[in-house]
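Take a look at the structure set out below.
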Amino acid sequence: MKVYDSSTGTASSPEQERVKVGIAEYEVTTSDETLTTSGLGSCLGVALYDDAAGVAGLVHVMLPSADGVEDPNAAKYADTGIETLLLEMERAGADRDRIRAKVAGGSDMLDFSENGSGIGVRNMQQVEATLDDLGVPLVSDDVGGDHGRSLRLDGASGDLMVKSANKGSKTI
């Protein structure tokens with residue numbers, strides 16, 4: 001995990017302006033960096049933003065919960081990934097009382113309905129429960145369906161652009 005701020009280097013280089021967040025990874029920015037992630041099928045992209053502090057973060061979670069799992073990668077799971085991202089944002093100057101959440105992804109790319117809820121549905125249920133437990137309001141989402149998504153979180157505004165091959169683009 002890296003924290004990007006406007007005091008480290010110039011923002012003229014394209015590599016500095018866009019920061020890729022891989023699967024089971026998270027990033028935090030305190031500048032106008034754009035945090036991006038792609039390949040969201042049943043995975044969820046959870047964007048957190050504190051407008052007053054100018055701190056934004058994005059985590060790409062794969063699975064609902066780390067309960068009973070010895071995997072050291074907190075960002076892989078919705079519960080531990082969101083909590084870790086929130087703590088890193090607070091270290092960067094965010095105030096938990098001002099942080100708002102936006103979420104996208106959680107598709108049912110494959111139909112497993114006869115075996116219960118799909119992983120996308122379970123991921124979203126865990127995200128909602130975790131955000132509620134942490135006192136972070138969910139202000140917007142674009143979840144479900146049967147299509148993948150890519151995201152761009154604007155670190156300067158908190159706008160989350162959601163792109164989909166068959167649904168076009170929208171900002172939430």
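Chain lettering (A, B, ...) mirrors the order of the structure tokens, residue numbering begins at 1 for each chain separately, and ligand numbering begins at 1 in order of display.
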Would you list the contacts of Arg98 in chain A as an mmCIF file with N, CA, C and O atoms, in the first residue's frame, taking every protein, DNA or RNA residue within 6 Å and counting only C-alpha atoms, but skipping same-chain residues closer than 2 positions in sequence?
data_model
loop_
_atom_site.group_PDB
_atom_site.id
_atom_site.type_symbol
_atom_site.label_atom_id
_atom_site.label_comp_id
_atom_site.auth_asym_id
_atom_site.auth_seq_id
_atom_site.Cartn_x
_atom_site.Cartn_y
_atom_site.Cartn_z
ATOM 1 N N ASP A 50 -12.979 11.458 2.016
ATOM 2 C CA ASP A 50 -13.205 12.532 2.984
ATOM 3 C C ASP A 50 -12.966 13.838 2.241
ATOM 4 O O ASP A 50 -11.822 14.216 1.984
ATOM 5 N N ASP A 95 -11.001 12.029 8.534
ATOM 6 C CA ASP A 95 -11.795 11.930 9.755
ATOM 7 C C ASP A 95 -12.938 10.955 9.485
ATOM 8 O O ASP A 95 -13.741 11.174 8.569
ATOM 9 N N ARG A 96 -13.019 9.896 10.261
ATOM 10 C CA ARG A 96 -14.025 8.852 10.060
ATOM 11 C C ARG A 96 -15.447 9.414 9.973
ATOM 12 O O ARG A 96 -16.276 8.912 9.224
#
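Secondary structure by DSSP on the backbone puts the following residues of range 102-151 of chain A in helix (DSSP H, G or I): Ser113, Glu114, Asn115, Ile119, Gly120, Val121, Arg122, Asn123, Met124, Gln125, Gln126, Val127, Glu128, Ala129, Thr130, Leu131, Asp132, Asp133 and Leu134 of chain A.
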Those residues you just picked out, can you put them in a file as a compact mmCIF listing (two decimals), in the first residue's frame with all heavy atoms?
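Produced file again-v6.txt, reproduced below:
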# COMPACT_ATOMS: atom_id res chain seq x y z
N SER A 113 -27.19 -19.94 -8.43
CA SER A 113 -28.37 -19.69 -7.61
C SER A 113 -28.92 -20.93 -6.93
O SER A 113 -29.51 -20.84 -5.87
CB SER A 113 -29.46 -19.02 -8.44
OG SER A 113 -29.77 -19.81 -9.57
N GLU A 114 -28.73 -22.10 -7.51
CA GLU A 114 -29.26 -23.30 -6.86
C GLU A 114 -28.49 -23.65 -5.60
O GLU A 114 -28.96 -24.39 -4.75
CB GLU A 114 -29.25 -24.49 -7.83
CG GLU A 114 -27.85 -24.93 -8.26
CD GLU A 114 -27.88 -26.00 -9.33
OE1 GLU A 114 -28.54 -25.79 -10.35
OE2 GLU A 114 -27.24 -27.04 -9.12
N ASN A 115 -27.30 -23.09 -5.44
CA ASN A 115 -26.49 -23.34 -4.25
C ASN A 115 -26.51 -22.17 -3.28
O ASN A 115 -25.65 -22.05 -2.43
CB ASN A 115 -25.03 -23.63 -4.66
CG ASN A 115 -24.92 -24.88 -5.49
OD1 ASN A 115 -25.65 -25.84 -5.28
ND2 ASN A 115 -24.02 -24.87 -6.46
N ILE A 119 -21.41 -15.13 -5.10
CA ILE A 119 -20.35 -14.46 -4.36
C ILE A 119 -20.51 -12.94 -4.43
O ILE A 119 -20.23 -12.23 -3.46
CB ILE A 119 -18.95 -14.91 -4.84
CG1 ILE A 119 -17.87 -14.42 -3.88
CG2 ILE A 119 -18.65 -14.47 -6.25
CD1 ILE A 119 -17.87 -15.06 -2.55
N GLY A 120 -20.99 -12.41 -5.56
CA GLY A 120 -21.20 -10.96 -5.67
C GLY A 120 -22.20 -10.45 -4.65
O GLY A 120 -21.99 -9.42 -4.01
N VAL A 121 -23.30 -11.17 -4.47
CA VAL A 121 -24.32 -10.81 -3.49
C VAL A 121 -23.74 -10.88 -2.08
O VAL A 121 -23.93 -9.98 -1.26
CB VAL A 121 -25.57 -11.71 -3.62
CG1 VAL A 121 -26.53 -11.50 -2.46
CG2 VAL A 121 -26.26 -11.47 -4.95
N ARG A 122 -23.03 -11.95 -1.78
CA ARG A 122 -22.44 -12.10 -0.44
C ARG A 122 -21.37 -11.03 -0.19
O ARG A 122 -21.26 -10.52 0.93
CB ARG A 122 -21.86 -13.50 -0.27
CG ARG A 122 -22.95 -14.57 -0.28
CD ARG A 122 -22.46 -15.92 0.18
NE ARG A 122 -21.17 -16.31 -0.32
CZ ARG A 122 -20.95 -17.26 -1.24
NH1 ARG A 122 -21.96 -17.93 -1.74
NH2 ARG A 122 -19.74 -17.55 -1.64
N ASN A 123 -20.60 -10.68 -1.21
CA ASN A 123 -19.62 -9.60 -1.05
C ASN A 123 -20.32 -8.30 -0.68
O ASN A 123 -19.90 -7.59 0.24
CB ASN A 123 -18.81 -9.40 -2.33
CG ASN A 123 -17.68 -10.38 -2.48
OD1 ASN A 123 -17.24 -11.02 -1.53
ND2 ASN A 123 -17.19 -10.52 -3.70
N MET A 124 -21.41 -7.97 -1.38
CA MET A 124 -22.12 -6.72 -1.11
C MET A 124 -22.75 -6.74 0.27
O MET A 124 -22.72 -5.72 0.97
CB MET A 124 -23.16 -6.45 -2.19
CG MET A 124 -23.79 -5.08 -2.08
SD MET A 124 -22.55 -3.74 -2.18
CE MET A 124 -23.56 -2.34 -1.73
N GLN A 125 -23.31 -7.85 0.68
CA GLN A 125 -23.88 -7.95 2.02
C GLN A 125 -22.81 -7.67 3.08
O GLN A 125 -23.05 -6.95 4.05
CB GLN A 125 -24.50 -9.33 2.24
CG GLN A 125 -25.76 -9.56 1.45
CD GLN A 125 -26.22 -11.02 1.46
OE1 GLN A 125 -25.46 -11.95 1.74
NE2 GLN A 125 -27.50 -11.21 1.15
N GLN A 126 -21.61 -8.22 2.88
CA GLN A 126 -20.53 -8.00 3.84
C GLN A 126 -20.05 -6.56 3.82
O GLN A 126 -19.77 -5.98 4.87
CB GLN A 126 -19.36 -8.95 3.57
CG GLN A 126 -18.24 -8.82 4.59
CD GLN A 126 -18.68 -9.20 5.99
OE1 GLN A 126 -19.13 -10.32 6.21
NE2 GLN A 126 -18.56 -8.29 6.94
N VAL A 127 -19.96 -5.96 2.63
CA VAL A 127 -19.55 -4.55 2.53
C VAL A 127 -20.53 -3.67 3.30
O VAL A 127 -20.13 -2.81 4.08
CB VAL A 127 -19.43 -4.11 1.06
CG1 VAL A 127 -19.40 -2.59 0.93
CG2 VAL A 127 -18.19 -4.72 0.42
N GLU A 128 -21.83 -3.87 3.08
CA GLU A 128 -22.83 -3.07 3.78
C GLU A 128 -22.73 -3.25 5.29
O GLU A 128 -22.79 -2.25 6.03
CB GLU A 128 -24.23 -3.44 3.29
CG GLU A 128 -24.50 -2.99 1.88
CD GLU A 128 -25.82 -3.49 1.31
OE1 GLU A 128 -26.24 -4.63 1.65
OE2 GLU A 128 -26.43 -2.75 0.53
N ALA A 129 -22.55 -4.47 5.75
CA ALA A 129 -22.44 -4.74 7.19
C ALA A 129 -21.19 -4.10 7.77
O ALA A 129 -21.23 -3.49 8.85
CB ALA A 129 -22.44 -6.24 7.45
N THR A 130 -20.07 -4.20 7.06
CA THR A 130 -18.80 -3.64 7.54
C THR A 130 -18.87 -2.12 7.60
O THR A 130 -18.46 -1.51 8.59
CB THR A 130 -17.63 -4.11 6.67
OG1 THR A 130 -17.57 -5.54 6.71
CG2 THR A 130 -16.31 -3.53 7.14
N LEU A 131 -19.38 -1.50 6.55
CA LEU A 131 -19.51 -0.04 6.55
C LEU A 131 -20.41 0.42 7.69
O LEU A 131 -20.10 1.39 8.38
CB LEU A 131 -20.06 0.45 5.21
CG LEU A 131 -19.11 0.33 4.01
CD1 LEU A 131 -19.85 0.65 2.71
CD2 LEU A 131 -17.88 1.22 4.18
N ASP A 132 -21.51 -0.30 7.91
CA ASP A 132 -22.41 0.03 9.00
C ASP A 132 -21.71 -0.09 10.35
O ASP A 132 -21.80 0.80 11.20
CB ASP A 132 -23.65 -0.87 8.94
CG ASP A 132 -24.72 -0.44 9.93
OD1 ASP A 132 -25.13 0.74 9.89
OD2 ASP A 132 -25.13 -1.29 10.75
N ASP A 133 -20.99 -1.19 10.55
CA ASP A 133 -20.25 -1.39 11.81
C ASP A 133 -19.22 -0.29 12.06
O ASP A 133 -18.97 0.08 13.21
CB ASP A 133 -19.53 -2.75 11.80
CG ASP A 133 -20.48 -3.93 11.92
OD1 ASP A 133 -21.67 -3.73 12.24
OD2 ASP A 133 -20.01 -5.07 11.66
N LEU A 134 -18.61 0.21 10.99
CA LEU A 134 -17.57 1.23 11.11
C LEU A 134 -18.13 2.65 11.09
O LEU A 134 -17.38 3.62 11.22
CB LEU A 134 -16.54 1.06 9.98
CG LEU A 134 -15.75 -0.26 10.01
CD1 LEU A 134 -14.92 -0.41 8.74
CD2 LEU A 134 -14.87 -0.33 11.26
**OP:** Could you give me, as a PyMOL selection string, the residues within 8 Å of Tyr49 in chain A, counting only C-alpha atoms and dropping anything in the same chain fewer than 2 positions from it?
**Re:** chain A and resi 47+51+54-57+99-101+158
Please produce a file of the residues just selected, as an mmCIF file, in the first residue's frame, where the atoms kept are C-alpha atoms.
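File produced: out.cif:
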data_model
loop_
_atom_site.group_PDB
_atom_site.id
_atom_site.type_symbol
_atom_site.label_atom_id
_atom_site.label_comp_id
_atom_site.auth_asym_id
_atom_site.auth_seq_id
_atom_site.Cartn_x
_atom_site.Cartn_y
_atom_site.Cartn_z
ATOM 1 C CA ALA A 47 -14.179 3.815 -2.666
ATOM 2 C CA ASP A 51 -13.975 15.725 1.073
ATOM 3 C CA GLY A 54 -8.953 15.620 0.503
ATOM 4 C CA VAL A 55 -8.189 11.979 1.280
ATOM 5 C CA ALA A 56 -9.480 9.191 -0.963
ATOM 6 C CA GLY A 57 -8.958 5.445 -0.989
ATOM 7 C CA ILE A 99 -15.822 9.631 5.207
ATOM 8 C CA ARG A 100 -18.410 8.473 2.683
ATOM 9 C CA ALA A 101 -18.452 5.244 0.646
ATOM 10 C CA GLY A 158 -14.402 11.739 -4.795
#
**OP:** Select, from A:Pro72, A:Gly45, A:Gly105, A:Gly39, the residue with the minimum atom-to-atom distance to Gly145 in chain A, counting only C-alpha atoms.
**Re:** A:Gly105
**OP:** Would you mind writing down, as a ChimeraX atom specification, each residue of chain A that DSSP on the backbone assigns to strand (DSSP E)?
**Re:** /A:3-4,18-20,26-29,34-40,44-50,55-61,100-105,138-143,149-154,160-164,168-171
